[in-house]
file input.pdb (PDB, N, CA and C atoms and all ligand atoms)
ATOM      1  N   MET A   1     -17.882 -50.224  32.209
ATOM      2  CA  MET A   1     -18.169 -48.915  31.591
ATOM      3  C   MET A   1     -17.845 -48.972  30.104
ATOM      4  N   THR A   2     -18.835 -48.684  29.340
ATOM      5  CA  THR A   2     -18.615 -48.683  27.890
ATOM      6  C   THR A   2     -18.471 -47.257  27.397
ATOM      7  N   LEU A   3     -17.478 -47.069  26.619
ATOM      8  CA  LEU A   3     -17.237 -45.753  26.075
ATOM      9  C   LEU A   3     -17.890 -45.639  24.713
ATOM     10  N   PHE A   4     -18.279 -44.448  24.429
ATOM     11  CA  PHE A   4     -18.853 -44.195  23.123
ATOM     12  C   PHE A   4     -17.724 -44.206  22.104
ATOM     13  N   GLN A   5     -17.896 -44.997  21.085
ATOM     14  CA  GLN A   5     -16.853 -45.075  20.062
ATOM     15  C   GLN A   5     -17.445 -44.846  18.691
ATOM     16  N   ARG A   6     -16.640 -44.300  17.835
ATOM     17  CA  ARG A   6     -17.106 -44.167  16.455
ATOM     18  C   ARG A   6     -15.897 -44.167  15.523
ATOM     19  N   TYR A   7     -16.183 -44.591  14.320
ATOM     20  CA  TYR A   7     -15.125 -44.611  13.325
ATOM     21  C   TYR A   7     -15.261 -43.393  12.424
ATOM     22  N   GLY A   8     -14.165 -42.852  12.057
ATOM     23  CA  GLY A   8     -14.216 -41.707  11.163
ATOM     24  C   GLY A   8     -12.920 -41.608  10.396
ATOM     25  N   TYR A   9     -12.780 -40.536   9.699
ATOM     26  CA  TYR A   9     -11.570 -40.307   8.925
ATOM     27  C   TYR A   9     -10.931 -39.013   9.394
ATOM     28  N   ASN A  10      -9.644 -38.998   9.489
ATOM     29  CA  ASN A  10      -8.973 -37.754   9.849
ATOM     30  C   ASN A  10      -8.703 -36.956   8.584
ATOM     31  N   TYR A  11      -8.053 -35.831   8.732
ATOM     32  CA  TYR A  11      -7.838 -34.948   7.591
ATOM     33  C   TYR A  11      -6.925 -35.543   6.534
ATOM     34  N   LEU A  12      -6.233 -36.626   6.900
ATOM     35  CA  LEU A  12      -5.362 -37.290   5.920
ATOM     36  C   LEU A  12      -6.116 -38.399   5.188
ATOM     37  N   GLY A  13      -7.368 -38.572   5.583
ATOM     38  CA  GLY A  13      -8.169 -39.601   4.951
ATOM     39  C   GLY A  13      -7.939 -40.978   5.536
ATOM     40  N   GLU A  14      -7.236 -41.035   6.651
ATOM     41  CA  GLU A  14      -7.001 -42.309   7.310
ATOM     42  C   GLU A  14      -8.182 -42.628   8.222
ATOM     43  N   SER A  15      -8.540 -43.884   8.280
ATOM     44  CA  SER A  15      -9.650 -44.211   9.162
ATOM     45  C   SER A  15      -9.133 -44.325  10.586
ATOM     46  N   VAL A  16      -9.843 -43.723  11.463
ATOM     47  CA  VAL A  16      -9.448 -43.719  12.871
ATOM     48  C   VAL A  16     -10.658 -44.042  13.729
ATOM     49  N   MET A  17     -10.386 -44.571  14.890
ATOM     50  CA  MET A  17     -11.471 -44.837  15.804
ATOM     51  C   MET A  17     -11.432 -43.778  16.902
ATOM     52  N   TYR A  18     -12.530 -43.107  17.077
ATOM     53  CA  TYR A  18     -12.603 -42.083  18.111
ATOM     54  C   TYR A  18     -13.339 -42.643  19.320
ATOM     55  N   GLN A  19     -12.894 -42.206  20.447
ATOM     56  CA  GLN A  19     -13.426 -42.715  21.697
ATOM     57  C   GLN A  19     -13.480 -41.562  22.698
ATOM     58  N   ASP A  20     -14.578 -41.451  23.392
ATOM     59  CA  ASP A  20     -14.695 -40.372  24.381
ATOM     60  C   ASP A  20     -13.504 -40.396  25.326
ATOM     61  N   GLU A  21     -13.003 -39.222  25.603
ATOM     62  CA  GLU A  21     -11.833 -39.126  26.448
ATOM     63  C   GLU A  21     -12.109 -38.112  27.556
ATOM     64  N   THR A  22     -11.716 -38.458  28.746
ATOM     65  CA  THR A  22     -11.906 -37.519  29.850
ATOM     66  C   THR A  22     -10.640 -36.700  30.028
ATOM     67  N   LEU A  23     -10.801 -35.399  29.992
ATOM     68  CA  LEU A  23      -9.670 -34.490  30.148
ATOM     69  C   LEU A  23      -9.883 -33.612  31.378
ATOM     70  N   ILE A  24      -8.806 -33.041  31.852
ATOM     71  CA  ILE A  24      -8.887 -32.138  32.998
ATOM     72  C   ILE A  24      -8.759 -30.697  32.507
ATOM     73  N   CYS A  25      -9.697 -29.882  32.944
ATOM     74  CA  CYS A  25      -9.677 -28.473  32.540
ATOM     75  C   CYS A  25      -8.509 -27.750  33.197
ATOM     76  N   GLU A  26      -7.807 -27.006  32.363
ATOM     77  CA  GLU A  26      -6.632 -26.270  32.826
ATOM     78  C   GLU A  26      -7.008 -25.117  33.768
ATOM     79  N   ASP A  27      -8.186 -24.572  33.553
ATOM     80  CA  ASP A  27      -8.603 -23.411  34.336
ATOM     81  C   ASP A  27      -9.254 -23.762  35.668
ATOM     82  N   CYS A  28     -10.260 -24.630  35.629
ATOM     83  CA  CYS A  28     -10.990 -24.911  36.864
ATOM     84  C   CYS A  28     -10.636 -26.272  37.451
ATOM     85  N   GLY A  29      -9.864 -27.069  36.721
ATOM     86  CA  GLY A  29      -9.422 -28.365  37.242
ATOM     87  C   GLY A  29     -10.472 -29.459  37.239
ATOM     88  N   SER A  30     -11.625 -29.169  36.666
ATOM     89  CA  SER A  30     -12.665 -30.194  36.654
ATOM     90  C   SER A  30     -12.547 -31.061  35.397
ATOM     91  N   GLU A  31     -13.113 -32.262  35.499
ATOM     92  CA  GLU A  31     -13.048 -33.193  34.374
ATOM     93  C   GLU A  31     -14.098 -32.835  33.349
ATOM     94  N   PHE A  32     -13.746 -32.983  32.116
ATOM     95  CA  PHE A  32     -14.730 -32.807  31.060
ATOM     96  C   PHE A  32     -14.460 -33.828  29.977
ATOM     97  N   VAL A  33     -15.492 -34.101  29.188
ATOM     98  CA  VAL A  33     -15.364 -35.130  28.163
ATOM     99  C   VAL A  33     -15.075 -34.525  26.798
ATOM    100  N   PHE A  34     -14.019 -34.993  26.210
ATOM    101  CA  PHE A  34     -13.680 -34.647  24.831
ATOM    102  C   PHE A  34     -14.320 -35.769  24.033
ATOM    103  N   THR A  35     -15.495 -35.495  23.531
ATOM    104  CA  THR A  35     -16.276 -36.563  22.921
ATOM    105  C   THR A  35     -15.704 -37.048  21.584
ATOM    106  N   ALA A  36     -16.108 -38.235  21.217
ATOM    107  CA  ALA A  36     -15.658 -38.827  19.954
ATOM    108  C   ALA A  36     -16.021 -37.908  18.791
ATOM    109  N   GLY A  37     -17.220 -37.324  18.878
ATOM    110  CA  GLY A  37     -17.677 -36.417  17.828
ATOM    111  C   GLY A  37     -16.784 -35.189  17.719
ATOM    112  N   GLU A  38     -16.394 -34.656  18.875
ATOM    113  CA  GLU A  38     -15.512 -33.489  18.889
ATOM    114  C   GLU A  38     -14.135 -33.840  18.348
ATOM    115  N   GLN A  39     -13.679 -35.024  18.717
ATOM    116  CA  GLN A  39     -12.365 -35.465  18.241
ATOM    117  C   GLN A  39     -12.350 -35.583  16.728
ATOM    118  N   GLU A  40     -13.460 -36.087  16.212
ATOM    119  CA  GLU A  40     -13.561 -36.230  14.760
ATOM    120  C   GLU A  40     -13.548 -34.847  14.107
ATOM    121  N   PHE A  41     -14.271 -33.921  14.728
ATOM    122  CA  PHE A  41     -14.323 -32.545  14.232
ATOM    123  C   PHE A  41     -12.924 -31.924  14.239
ATOM    124  N   TYR A  42     -12.214 -32.133  15.321
ATOM    125  CA  TYR A  42     -10.848 -31.610  15.444
ATOM    126  C   TYR A  42      -9.957 -32.201  14.359
ATOM    127  N   ALA A  43     -10.068 -33.522  14.195
ATOM    128  CA  ALA A  43      -9.228 -34.218  13.226
ATOM    129  C   ALA A  43      -9.503 -33.755  11.801
ATOM    130  N   GLU A  44     -10.788 -33.520  11.518
ATOM    131  CA  GLU A  44     -11.155 -33.046  10.183
ATOM    132  C   GLU A  44     -10.545 -31.692   9.888
ATOM    133  N   LYS A  45     -10.433 -30.882  10.943
ATOM    134  CA  LYS A  45      -9.859 -29.546  10.804
ATOM    135  C   LYS A  45      -8.328 -29.589  10.813
ATOM    136  N   GLY A  46      -7.785 -30.751  11.085
ATOM    137  CA  GLY A  46      -6.335 -30.885  11.124
ATOM    138  C   GLY A  46      -5.735 -30.408  12.436
ATOM    139  N   LEU A  47      -6.584 -30.307  13.458
ATOM    140  CA  LEU A  47      -6.111 -29.870  14.760
ATOM    141  C   LEU A  47      -5.609 -31.068  15.554
ATOM    142  N   THR A  48      -4.399 -30.944  16.035
ATOM    143  CA  THR A  48      -3.841 -32.071  16.775
ATOM    144  C   THR A  48      -3.854 -31.843  18.283
ATOM    145  N   ASN A  49      -4.070 -30.587  18.670
ATOM    146  CA  ASN A  49      -4.096 -30.298  20.101
ATOM    147  C   ASN A  49      -5.460 -30.611  20.695
ATOM    148  N   LYS A  50      -5.413 -31.157  21.871
ATOM    149  CA  LYS A  50      -6.661 -31.440  22.563
ATOM    150  C   LYS A  50      -7.116 -30.163  23.257
ATOM    151  N   PRO A  51      -8.420 -30.018  23.460
ATOM    152  CA  PRO A  51      -8.868 -28.810  24.162
ATOM    153  C   PRO A  51      -8.330 -28.788  25.584
ATOM    154  N   LYS A  52      -7.962 -27.604  26.046
ATOM    155  CA  LYS A  52      -7.369 -27.484  27.375
ATOM    156  C   LYS A  52      -8.393 -27.116  28.428
ATOM    157  N   ARG A  53      -9.515 -26.597  27.966
ATOM    158  CA  ARG A  53     -10.518 -26.132  28.924
ATOM    159  C   ARG A  53     -11.868 -26.781  28.696
ATOM    160  N   CYS A  54     -12.642 -26.852  29.766
ATOM    161  CA  CYS A  54     -13.989 -27.395  29.655
ATOM    162  C   CYS A  54     -14.847 -26.370  28.907
ATOM    163  N   ALA A  55     -15.994 -26.812  28.454
ATOM    164  CA  ALA A  55     -16.866 -25.949  27.661
ATOM    165  C   ALA A  55     -17.228 -24.685  28.406
ATOM    166  N   ASN A  56     -17.445 -24.816  29.692
ATOM    167  CA  ASN A  56     -17.813 -23.675  30.519
ATOM    168  C   ASN A  56     -16.711 -22.612  30.560
ATOM    169  N   CYS A  57     -15.480 -23.052  30.783
ATOM    170  CA  CYS A  57     -14.363 -22.119  30.846
ATOM    171  C   CYS A  57     -14.068 -21.510  29.484
ATOM    172  N   ARG A  58     -14.282 -22.290  28.444
ATOM    173  CA  ARG A  58     -14.057 -21.781  27.089
ATOM    174  C   ARG A  58     -15.045 -20.649  26.800
ATOM    175  N   LYS A  59     -16.283 -20.856  27.270
ATOM    176  CA  LYS A  59     -17.322 -19.859  27.082
ATOM    177  C   LYS A  59     -16.972 -18.594  27.862
ATOM    178  N   LEU A  60     -16.548 -18.781  29.099
ATOM    179  CA  LEU A  60     -16.174 -17.652  29.948
ATOM    180  C   LEU A  60     -15.044 -16.848  29.332
ATOM    181  N   LYS A  61     -14.081 -17.573  28.810
ATOM    182  CA  LYS A  61     -12.907 -16.931  28.238
ATOM    183  C   LYS A  61     -13.289 -16.088  27.017
ATOM    184  N   LYS A  62     -14.194 -16.640  26.230
ATOM    185  CA  LYS A  62     -14.671 -15.958  25.037
ATOM    186  C   LYS A  62     -15.372 -14.662  25.418
ATOM    187  N   GLN A  63     -16.223 -14.761  26.442
ATOM    188  CA  GLN A  63     -16.981 -13.591  26.895
ATOM    189  C   GLN A  63     -16.041 -12.514  27.412
ATOM    190  N   LYS A  64     -15.052 -12.938  28.176
ATOM    191  CA  LYS A  64     -14.067 -12.028  28.740
ATOM    192  C   LYS A  64     -13.334 -11.310  27.604
ATOM    193  N   HIS A  65     -12.950 -12.100  26.627
ATOM    194  CA  HIS A  65     -12.198 -11.591  25.493
ATOM    195  C   HIS A  65     -13.007 -10.540  24.750
ATOM    196  N   ARG A  66     -14.288 -10.825  24.580
ATOM    197  CA  ARG A  66     -15.151  -9.939  23.827
ATOM    198  C   ARG A  66     -15.381  -8.632  24.592
ATOM    199  N   GLY A  67     -15.482  -8.768  25.929
ATOM    200  CA  GLY A  67     -15.782  -7.609  26.750
ATOM    201  C   GLY A  67     -14.610  -6.661  26.894
ATOM    202  N   LYS A  68     -13.417  -7.184  26.651
ATOM    203  CA  LYS A  68     -12.238  -6.353  26.827
ATOM    204  C   LYS A  68     -11.844  -5.675  25.528
ATOM    205  N   LYS A  69     -12.044  -4.384  25.506
ATOM    206  CA  LYS A  69     -11.712  -3.623  24.322
ATOM    207  C   LYS A  69     -10.395  -2.905  24.589
ATOM    208  N   ARG A  70      -9.514  -2.959  23.653
ATOM    209  CA  ARG A  70      -8.228  -2.309  23.830
ATOM    210  C   ARG A  70      -8.398  -0.794  23.715
ATOM    211  N   MET A  71      -7.912  -0.071  24.729
ATOM    212  CA  MET A  71      -8.018   1.374  24.727
ATOM    213  C   MET A  71      -6.620   1.991  24.716
ATOM    214  N   PHE A  72      -6.492   3.107  24.036
ATOM    215  CA  PHE A  72      -5.205   3.785  23.948
ATOM    216  C   PHE A  72      -5.267   5.128  24.673
ATOM    217  N   ASP A  73      -4.185   5.433  25.361
ATOM    218  CA  ASP A  73      -4.101   6.720  26.042
ATOM    219  C   ASP A  73      -3.889   7.819  25.014
ATOM    220  N   ALA A  74      -4.576   8.920  25.208
ATOM    221  CA  ALA A  74      -4.427  10.044  24.301
ATOM    222  C   ALA A  74      -4.708  11.335  25.063
ATOM    223  N   VAL A  75      -4.305  12.428  24.470
ATOM    224  CA  VAL A  75      -4.582  13.733  25.066
ATOM    225  C   VAL A  75      -5.509  14.478  24.119
ATOM    226  N   CYS A  76      -6.564  15.005  24.669
ATOM    227  CA  CYS A  76      -7.548  15.711  23.856
ATOM    228  C   CYS A  76      -6.913  16.938  23.210
ATOM    229  N   ALA A  77      -7.091  17.077  21.905
ATOM    230  CA  ALA A  77      -6.481  18.174  21.162
ATOM    231  C   ALA A  77      -7.162  19.502  21.466
ATOM    232  N   LYS A  78      -8.331  19.431  22.035
ATOM    233  CA  LYS A  78      -9.083  20.652  22.274
ATOM    234  C   LYS A  78      -8.923  21.174  23.701
ATOM    235  N   CYS A  79      -9.177  20.293  24.677
ATOM    236  CA  CYS A  79      -9.128  20.758  26.061
ATOM    237  C   CYS A  79      -7.893  20.260  26.815
ATOM    238  N   GLY A  80      -7.103  19.398  26.180
ATOM    239  CA  GLY A  80      -5.866  18.924  26.802
ATOM    240  C   GLY A  80      -6.052  17.898  27.897
ATOM    241  N   LYS A  81      -7.238  17.381  28.024
ATOM    242  CA  LYS A  81      -7.550  16.394  29.043
ATOM    243  C   LYS A  81      -7.063  15.006  28.619
ATOM    244  N   GLN A  82      -6.587  14.242  29.603
ATOM    245  CA  GLN A  82      -6.185  12.856  29.337
ATOM    246  C   GLN A  82      -7.436  12.060  29.010
ATOM    247  N   THR A  83      -7.365  11.303  27.948
ATOM    248  CA  THR A  83      -8.532  10.519  27.573
ATOM    249  C   THR A  83      -8.105   9.173  27.022
ATOM    250  N   GLN A  84      -9.047   8.327  26.744
ATOM    251  CA  GLN A  84      -8.735   7.024  26.143
ATOM    252  C   GLN A  84      -9.604   6.838  24.925
ATOM    253  N   VAL A  85      -8.979   6.358  23.877
ATOM    254  CA  VAL A  85      -9.711   6.145  22.637
ATOM    255  C   VAL A  85      -9.575   4.689  22.197
ATOM    256  N   PRO A  86     -10.591   4.163  21.502
ATOM    257  CA  PRO A  86     -10.547   2.761  21.087
ATOM    258  C   PRO A  86      -9.661   2.492  19.873
ATOM    259  N   PHE A  87      -8.952   3.489  19.390
ATOM    260  CA  PHE A  87      -8.043   3.277  18.250
ATOM    261  C   PHE A  87      -6.669   3.832  18.606
ATOM    262  N   ASN A  88      -5.671   3.436  17.889
ATOM    263  CA  ASN A  88      -4.314   3.896  18.156
ATOM    264  C   ASN A  88      -4.142   5.299  17.593
ATOM    265  N   PRO A  89      -3.961   6.295  18.457
ATOM    266  CA  PRO A  89      -3.858   7.665  17.946
ATOM    267  C   PRO A  89      -2.594   7.871  17.124
ATOM    268  N   THR A  90      -2.759   8.338  15.908
ATOM    269  CA  THR A  90      -1.597   8.566  15.050
ATOM    270  C   THR A  90      -1.214  10.026  15.097
ATOM    271  N   GLN A  91       0.069  10.275  14.883
ATOM    272  CA  GLN A  91       0.569  11.640  14.926
ATOM    273  C   GLN A  91      -0.064  12.472  13.832
ATOM    274  N   GLY A  92      -0.353  13.721  14.201
ATOM    275  CA  GLY A  92      -0.924  14.617  13.221
ATOM    276  C   GLY A  92      -2.435  14.522  13.142
ATOM    277  N   ARG A  93      -2.949  13.554  13.859
ATOM    278  CA  ARG A  93      -4.402  13.418  13.840
ATOM    279  C   ARG A  93      -4.960  13.863  15.184
ATOM    280  N   ASP A  94      -5.892  14.746  15.172
ATOM    281  CA  ASP A  94      -6.448  15.252  16.408
ATOM    282  C   ASP A  94      -7.308  14.206  17.105
ATOM    283  N   VAL A  95      -7.034  14.090  18.370
ATOM    284  CA  VAL A  95      -7.818  13.167  19.177
ATOM    285  C   VAL A  95      -8.634  14.007  20.146
ATOM    286  N   LEU A  96      -9.887  13.750  20.212
ATOM    287  CA  LEU A  96     -10.743  14.497  21.118
ATOM    288  C   LEU A  96     -11.302  13.584  22.200
ATOM    289  N   CYS A  97     -11.467  14.154  23.380
ATOM    290  CA  CYS A  97     -12.091  13.389  24.442
ATOM    291  C   CYS A  97     -13.583  13.279  24.099
ATOM    292  N   LYS A  98     -14.279  12.464  24.851
ATOM    293  CA  LYS A  98     -15.673  12.214  24.513
ATOM    294  C   LYS A  98     -16.508  13.494  24.513
ATOM    295  N   GLU A  99     -16.273  14.330  25.518
ATOM    296  CA  GLU A  99     -17.053  15.571  25.648
ATOM    297  C   GLU A  99     -16.832  16.491  24.442
ATOM    298  N   CYS A 100     -15.539  16.679  24.088
ATOM    299  CA  CYS A 100     -15.229  17.545  22.947
ATOM    300  C   CYS A 100     -15.734  16.944  21.643
ATOM    301  N   PHE A 101     -15.635  15.614  21.550
ATOM    302  CA  PHE A 101     -16.093  14.942  20.337
ATOM    303  C   PHE A 101     -17.592  15.158  20.149
ATOM    304  N   ASP A 102     -18.313  14.999  21.261
ATOM    305  CA  ASP A 102     -19.766  15.197  21.211
ATOM    306  C   ASP A 102     -20.110  16.642  20.884
ATOM    307  N   ALA A 103     -19.318  17.577  21.452
ATOM    308  CA  ALA A 103     -19.555  19.000  21.207
ATOM    309  C   ALA A 103     -19.314  19.337  19.739
ATOM    310  N   GLU A 104     -18.224  18.747  19.191
ATOM    311  CA  GLU A 104     -17.885  18.967  17.776
ATOM    312  C   GLU A 104     -18.996  18.436  16.875
ATOM    313  N   LYS A 105     -19.463  17.256  17.236
ATOM    314  CA  LYS A 105     -20.487  16.601  16.448
ATOM    315  C   LYS A 105     -21.765  17.444  16.457
ATOM    316  N   ALA A 106     -22.100  17.953  17.625
ATOM    317  CA  ALA A 106     -23.298  18.787  17.773
ATOM    318  C   ALA A 106     -23.150  20.067  16.959
ATOM    319  N   ALA A 107     -21.919  20.636  16.994
ATOM    320  CA  ALA A 107     -21.656  21.876  16.271
ATOM    321  C   ALA A 107     -21.761  21.664  14.778
ATOM    322  N   SER A 108     -21.197  20.541  14.270
ATOM    323  CA  SER A 108     -21.224  20.291  12.830
ATOM    324  C   SER A 108     -22.630  19.916  12.367
ATOM    325  N   ALA A 109     -23.420  19.393  13.267
ATOM    326  CA  ALA A 109     -24.781  19.032  12.916
ATOM    327  C   ALA A 109     -25.630  20.296  12.752
ATOM    328  N   GLU A 110     -25.262  21.297  13.533
ATOM    329  CA  GLU A 110     -25.990  22.568  13.475
ATOM    330  C   GLU A 110     -25.657  23.359  12.210
ATOM    331  N   ALA A 111     -24.388  23.258  11.813
ATOM    332  CA  ALA A 111     -23.930  24.058  10.680
ATOM    333  C   ALA A 111     -24.541  23.610   9.356
TER     334      ALA A 111
HETATM  335 ZN    ZN A 201     -13.102 -25.451  33.346
HETATM  336 ZN    ZN A 202     -11.555  17.522  25.299
END
call {"tool": "encode", "arguments": {"input": "input.pdb", "output": "structure tokens", "more": "lines below"}}
Ligand SMILES: [Zn+2]
Ligand SMILES: [Zn+2]
result
Amino acid sequence: MTLFQRYGYNYLGESVMYQDETLICEDCGSEFVFTAGEQEFYAEKGLTNKPKRCANCRKLKKQKHRGKKRMFDAVCAKCGKQTQVPFNPTQGRDVLCKECFDAEKAASAEA
């Protein structure tokens, strides 16, 4: 079995030989290849840690991260209903639930 090898330079300007490496994904336990090209990319960026997850799990994690929006508990200043807002409610600032917010918006649009 011949491994793909390539010569490159790391971020310190030292010449290094990169060689495909098989790693085990931390999440799904499957083997994945940390390619010579990727290693060179990592080295150029000054990254010394090897990737812990396969490309598939990394993609999944990214999607999960993006889909999860942090919500804060708040009480509507108008109707007193428990609600959640995508920003941290600060004291002295009125927080409205979605219904009241929409109603306010409609009212101000009319005026
Ligand atoms: Zn995986
Ligand atoms: Zn409300």
call {"tool": "resolve_selection", "arguments": {"input": "input.pdb", "expression": "the PyMOL selection byres (((chain A and resi 70) around 6) and not hetatm)", "output": "short mmCIF file (atom, residue, chain, number, x, y, z; two decimals) with N, CA and C atoms, in the coordinates of the input"}}
result
data_model
loop_
_atom_site.label_atom_id
_atom_site.label_comp_id
_atom_site.auth_asym_id
_atom_site.auth_seq_id
_atom_site.Cartn_x
_atom_site.Cartn_y
_atom_site.Cartn_z
N LYS A 68 -13.42 -7.18 26.65
CA LYS A 68 -12.24 -6.35 26.83
C LYS A 68 -11.84 -5.68 25.53
N LYS A 69 -12.04 -4.38 25.51
CA LYS A 69 -11.71 -3.62 24.32
C LYS A 69 -10.40 -2.90 24.59
N MET A 71 -7.91 -0.07 24.73
CA MET A 71 -8.02 1.37 24.73
C MET A 71 -6.62 1.99 24.72
N PHE A 72 -6.49 3.11 24.04
CA PHE A 72 -5.20 3.78 23.95
C PHE A 72 -5.27 5.13 24.67
N VAL A 85 -8.98 6.36 23.88
CA VAL A 85 -9.71 6.14 22.64
C VAL A 85 -9.57 4.69 22.20
N PRO A 86 -10.59 4.16 21.50
CA PRO A 86 -10.55 2.76 21.09
C PRO A 86 -9.66 2.49 19.87
#
call {"tool": "atom_distance", "arguments": {"input": "input.pdb", "atom1": "atom N of Cys54 (chain A)", "atom2": "CA of Cys25 (chain A)"}}
result
4.4 Å
call {"tool": "residues_around", "arguments": {"input": "input.pdb", "residues": "Cys97 (chain A)", "least_positions_apart": "4", "cutoff": "6.5 Å", "atoms": "all atoms listed in the file", "output": "compact mmCIF listing (two decimals) with N, CA and C atoms, in the frame of the given file"}}
result
# COMPACT_ATOMS: atom_id res chain seq x y z
N VAL A 75 -4.30 12.43 24.47
CA VAL A 75 -4.58 13.73 25.07
C VAL A 75 -5.51 14.48 24.12
N CYS A 76 -6.56 15.00 24.67
CA CYS A 76 -7.55 15.71 23.86
C CYS A 76 -6.91 16.94 23.21
N ALA A 77 -7.09 17.08 21.90
CA ALA A 77 -6.48 18.17 21.16
C ALA A 77 -7.16 19.50 21.47
N LYS A 78 -8.33 19.43 22.04
CA LYS A 78 -9.08 20.65 22.27
C LYS A 78 -8.92 21.17 23.70
N THR A 83 -7.36 11.30 27.95
CA THR A 83 -8.53 10.52 27.57
C THR A 83 -8.10 9.17 27.02
N GLN A 84 -9.05 8.33 26.74
CA GLN A 84 -8.74 7.02 26.14
C GLN A 84 -9.60 6.84 24.92
N PHE A 101 -15.64 15.61 21.55
CA PHE A 101 -16.09 14.94 20.34
C PHE A 101 -17.59 15.16 20.15
N ASP A 102 -18.31 15.00 21.26
CA ASP A 102 -19.77 15.20 21.21
C ASP A 102 -20.11 16.64 20.88
call {"tool": "resolve_selection", "arguments": {"input": "input.pdb", "expression": "the PyMOL selection byres (((chain A and resi 52 and name CA) around 6) and not hetatm and name CA)", "output": "ChimeraX atom specification"}}
result
/A:25-26,51,53
call {"tool": "write_last_selection", "arguments": {"input": "input.pdb", "atoms": "N, CA and C atoms", "output": "mmCIF file, in the frame of the given file"}}
result
data_model
loop_
_atom_site.group_PDB
_atom_site.id
_atom_site.type_symbol
_atom_site.label_atom_id
_atom_site.label_comp_id
_atom_site.auth_asym_id
_atom_site.auth_seq_id
_atom_site.Cartn_x
_atom_site.Cartn_y
_atom_site.Cartn_z
ATOM 1 N N CYS A 25 -9.697 -29.882 32.944
ATOM 2 C CA CYS A 25 -9.677 -28.473 32.540
ATOM 3 C C CYS A 25 -8.509 -27.750 33.197
ATOM 4 N N GLU A 26 -7.807 -27.006 32.363
ATOM 5 C CA GLU A 26 -6.632 -26.270 32.826
ATOM 6 C C GLU A 26 -7.008 -25.117 33.768
ATOM 7 N N PRO A 51 -8.420 -30.018 23.460
ATOM 8 C CA PRO A 51 -8.868 -28.810 24.162
ATOM 9 C C PRO A 51 -8.330 -28.788 25.584
ATOM 10 N N ARG A 53 -9.515 -26.597 27.966
ATOM 11 C CA ARG A 53 -10.518 -26.132 28.924
ATOM 12 C C ARG A 53 -11.868 -26.781 28.696
#
call {"tool": "resolve_selection", "arguments": {"input": "input.pdb", "expression": "the PyMOL selection byres (((chain A and resi 36) around 6.5) and not hetatm)", "output": "NGL selection string"}}
result
:A and (4-6 or 18-21 or 34-35 or 37-41)
call {"tool": "write_last_selection", "arguments": {"input": "input.pdb", "atoms": "N, CA and C atoms", "output": "tab-separated table (two decimals), keeping the file's coordinate frame"}}
result
chain	number	residue	atom	x	y	z
A	4	PHE	N	-18.28	-44.45	24.43
A	4	PHE	CA	-18.85	-44.20	23.12
A	4	PHE	C	-17.72	-44.21	22.10
A	5	GLN	N	-17.90	-45.00	21.08
A	5	GLN	CA	-16.85	-45.08	20.06
A	5	GLN	C	-17.44	-44.85	18.69
A	6	ARG	N	-16.64	-44.30	17.84
A	6	ARG	CA	-17.11	-44.17	16.45
A	6	ARG	C	-15.90	-44.17	15.52
A	18	TYR	N	-12.53	-43.11	17.08
A	18	TYR	CA	-12.60	-42.08	18.11
A	18	TYR	C	-13.34	-42.64	19.32
A	19	GLN	N	-12.89	-42.21	20.45
A	19	GLN	CA	-13.43	-42.72	21.70
A	19	GLN	C	-13.48	-41.56	22.70
A	20	ASP	N	-14.58	-41.45	23.39
A	20	ASP	CA	-14.70	-40.37	24.38
A	20	ASP	C	-13.50	-40.40	25.33
A	21	GLU	N	-13.00	-39.22	25.60
A	21	GLU	CA	-11.83	-39.13	26.45
A	21	GLU	C	-12.11	-38.11	27.56
A	34	PHE	N	-14.02	-34.99	26.21
A	34	PHE	CA	-13.68	-34.65	24.83
A	34	PHE	C	-14.32	-35.77	24.03
A	35	THR	N	-15.50	-35.49	23.53
A	35	THR	CA	-16.28	-36.56	22.92
A	35	THR	C	-15.70	-37.05	21.58
A	37	GLY	N	-17.22	-37.32	18.88
A	37	GLY	CA	-17.68	-36.42	17.83
A	37	GLY	C	-16.78	-35.19	17.72
A	38	GLU	N	-16.39	-34.66	18.88
A	38	GLU	CA	-15.51	-33.49	18.89
A	38	GLU	C	-14.14	-33.84	18.35
A	39	GLN	N	-13.68	-35.02	18.72
A	39	GLN	CA	-12.36	-35.47	18.24
A	39	GLN	C	-12.35	-35.58	16.73
A	40	GLU	N	-13.46	-36.09	16.21
A	40	GLU	CA	-13.56	-36.23	14.76
A	40	GLU	C	-13.55	-34.85	14.11
A	41	PHE	N	-14.27	-33.92	14.73
A	41	PHE	CA	-14.32	-32.54	14.23
A	41	PHE	C	-12.92	-31.92	14.24
call {"tool": "atom_distance", "arguments": {"input": "input.pdb", "atom1": "atom N of Tyr42 (chain A)", "atom2": "atom C of Val16 (chain A)"}}
result
12.1 Å
call {"tool": "closest_residue", "arguments": {"input": "input.pdb", "among": "A:Glu104, A:Cys79, A:Asp94, A:Asn88", "to": "ligand ZN 202 (chain A)", "atoms": "only C-alpha atoms and all ligand atoms"}}
result
A:Cys79
call {"tool": "atom_distance", "arguments": {"input": "input.pdb", "atom1": "atom N of Phe32 (chain A)", "atom2": "atom ZN of ligand ZN 201 (chain A)"}}
result
7.7 Å
call {"tool": "select_by_dssp", "arguments": {"input": "input.pdb", "residues": "region 13-107 of chain A", "states": "helix (DSSP H, G or I)", "output": "PyMOL selection string"}}
result
chain A and resi 36-45+55-67+98-107
call {"tool": "select_by_dssp", "arguments": {"input": "input.pdb", "residues": "region 62-103 of chain A", "states": "strand (DSSP E)", "output": "ChimeraX atom specification"}}
result
/A:72-75,82-85
call {"tool": "closest_residue", "arguments": {"input": "input.pdb", "among": "A:Gln63, A:Thr90, A:Thr22, A:Asn56", "to": "ligand ZN 201 (chain A)", "atoms": "only C-alpha atoms and all ligand atoms"}}
result
A:Asn56
